[in-house]
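Participant: Below is the file final_12.txt, with compact mmCIF, C-alpha atoms.
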```txt
# COMPACT_ATOMS: atom_id res chain seq x y z
CA THR A 881 0.00 0.00 0.00
CA PHE A 882 1.33 3.43 -0.95
CA SER A 883 0.44 6.40 1.25
CA LYS A 884 2.35 8.75 -1.08
CA VAL A 885 4.33 8.41 -4.30
CA ARG A 886 7.52 10.11 -5.45
CA LEU A 887 7.18 12.34 -8.49
CA ASP A 888 9.92 13.13 -11.03
CA LEU A 889 9.12 16.82 -11.53
CA ARG A 890 11.23 17.20 -14.68
CA ARG A 891 9.34 14.47 -16.54
CA MET A 892 6.10 14.67 -14.51
CA HIS A 893 6.19 10.90 -13.97
CA ILE A 894 5.50 8.87 -10.86
CA ILE A 895 8.48 6.79 -9.75
CA SER A 896 6.51 3.57 -9.26
CA THR A 897 9.33 1.60 -7.59
CA ASP A 898 10.19 4.09 -4.83
CA TRP A 899 9.20 2.25 -1.64
CA THR A 900 9.77 5.20 0.76
CA PHE A 901 6.04 5.68 1.37
CA ALA A 902 4.91 2.07 0.87
CA SER A 903 4.25 -0.92 3.09
CA THR A 904 3.98 -4.60 2.21
CA ARG A 905 2.03 -7.00 4.43
CA GLU A 906 3.53 -10.16 2.97
CA GLY A 907 5.41 -11.33 -0.10
CA LYS A 908 7.24 -9.12 -2.56
CA SER A 909 6.74 -5.40 -3.02
CA VAL A 910 4.65 -4.52 -6.08
CA PRO A 911 5.22 -1.24 -7.96
CA PHE A 912 2.61 1.52 -7.69
CA ALA A 913 -0.43 1.06 -10.00
CA THR A 914 0.51 -2.56 -10.73
CA ALA A 915 -1.57 -5.63 -10.04
CA GLY A 916 -0.98 -9.31 -10.55
CA ASP A 917 -2.61 -12.64 -9.91
CA CYS A 918 -1.37 -16.20 -9.56
CA TYR A 919 -4.74 -17.47 -8.31
CA SER A 920 -5.77 -19.70 -11.20
CA LEU A 921 -5.66 -20.16 -14.96
CA ALA A 922 -9.43 -19.72 -15.14
CA THR A 923 -11.01 -16.38 -15.93
CA CYS A 924 -11.20 -15.36 -12.28
CA PRO A 925 -8.96 -12.29 -11.88
CA GLN A 926 -7.91 -11.52 -8.30
CA GLY A 927 -5.31 -8.76 -8.82
CA ARG A 928 -6.58 -5.27 -8.07
CA PHE A 929 -5.29 -1.70 -7.96
CA ARG A 930 -6.73 1.76 -7.49
CA ILE A 931 -5.27 5.22 -8.10
CA ASN A 932 -7.06 8.19 -6.54
CA LEU A 933 -5.64 11.60 -7.40
CA SER A 934 -8.77 13.51 -6.35
CA GLY A 935 -7.98 16.82 -4.69
CA THR A 936 -4.34 16.85 -5.82
CA GLY A 937 -4.68 18.83 -9.05
CA LEU A 938 -3.04 15.91 -10.86
CA LYS A 939 -4.55 13.47 -13.32
CA VAL A 940 -3.59 10.35 -15.25
CA ALA A 941 -2.68 11.34 -18.81
CA GLU A 942 -5.18 10.35 -21.48
CA ASN A 943 -2.59 8.28 -23.37
CA VAL A 944 -1.59 6.14 -20.35
CA ALA A 945 -2.42 2.47 -20.90
CA TRP A 946 -1.94 -0.71 -18.90
CA ILE A 947 -0.73 -3.92 -20.51
CA SER A 948 -1.56 -7.55 -19.81
CA GLN A 949 1.31 -10.00 -19.57
CA GLY A 950 1.44 -13.77 -19.36
CA ASN A 951 -0.67 -16.68 -20.52
CA TYR A 952 -4.44 -16.19 -20.52
CA ALA A 953 -4.00 -12.70 -19.02
CA LEU A 954 -7.04 -10.50 -18.53
CA ALA A 955 -7.31 -6.85 -17.56
CA ASN A 956 -10.29 -4.59 -16.99
CA ILE A 957 -9.20 -0.99 -16.45
CA GLN A 958 -11.64 1.83 -15.67
CA LYS A 959 -10.56 5.50 -15.87
CA SER A 960 -12.72 8.38 -14.68
CA GLU A 961 -13.60 10.99 -17.32
CA ASP A 962 -11.49 13.65 -15.62
CA GLY A 963 -8.48 11.33 -15.16
CA SER A 964 -8.45 11.70 -11.37
CA SER A 965 -8.99 8.01 -10.66
CA VAL A 966 -8.24 4.65 -12.21
CA SER A 967 -9.05 1.17 -11.00
CA GLY A 968 -8.32 -2.20 -12.45
CA ILE A 969 -8.63 -5.91 -11.97
CA CYS A 970 -6.39 -8.40 -13.66
CA GLY A 971 -5.40 -12.00 -13.63
```
Output the file's structure in the form of structure tokens.
Facilitator:
Amino acid sequence: TFSKVRLDLRRMHIISTDWTFASTREGKSVPFATAGDCYSLATCPQGRFRINLSGTGLKVAENVAWISQGNYALANIQKSEDGSSVSGICG
């Protein structure tokens, strides 16, 4: 879980692998806005993420896209119209 993220101000990019403001309950750390699933091969995605930039003055750029990787990978990504929030499930 990330309570804050580090921002590269020159490029206006989030540094997704900066763990300064993150905590992991168990297992490996997962980069910001990344989700994965090793639950099953069936179409039953268990990986989830959510980005909420409401109230920050920031938004996710319109051209940002998430990719699916692996065998039988699925992804369902929902972006708000104003770009202030994104959520996704994958597996």
Participant: Give me the residues near range 942-959 of chain A as a count of residues only, where near means some atom within 8 Å (using all atoms listed in the file) and where sequence neighbours in that chain fewer than 3 positions away do not count.
Facilitator: 12
Participant: For Arg905 in chain A, which of A:Leu887, A:Ser960, A:Phe882, A:Lys939 is the closest residue, counting only C-alpha atoms?
Facilitator: A:Phe882
Participant: With distances taken over all atoms listed in the file, which of A:His893, A:Thr881, A:Asp962, A:Val940 is nearest to Lys908 in chain A?
Facilitator: A:Thr881
Participant: Which value, in Å to one decimal, gives the distance between CA of Trp899 in chain A and CA of Cys924 in chain A?
Facilitator: 29.0 Å
Participant: Provide the CA of Phe929 in chain A to CA of Phe912 in chain A distance in Å, to one decimal place.
Facilitator: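 These atoms are spaced 8.5 Å apart.
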Participant: Any chance you could work out the axis-aligned box around range 931-950 of chain A, listed atoms only, 5 Å on each side, giving centre and edge lengths in Å to one decimal, as lines of an AutoDock Vina configuration file?
Facilitator:
```
center_x = -3.7
center_y = 2.5
center_z = -14.0
size_x = 20.2
size_y = 42.6
size_z = 28.7
```
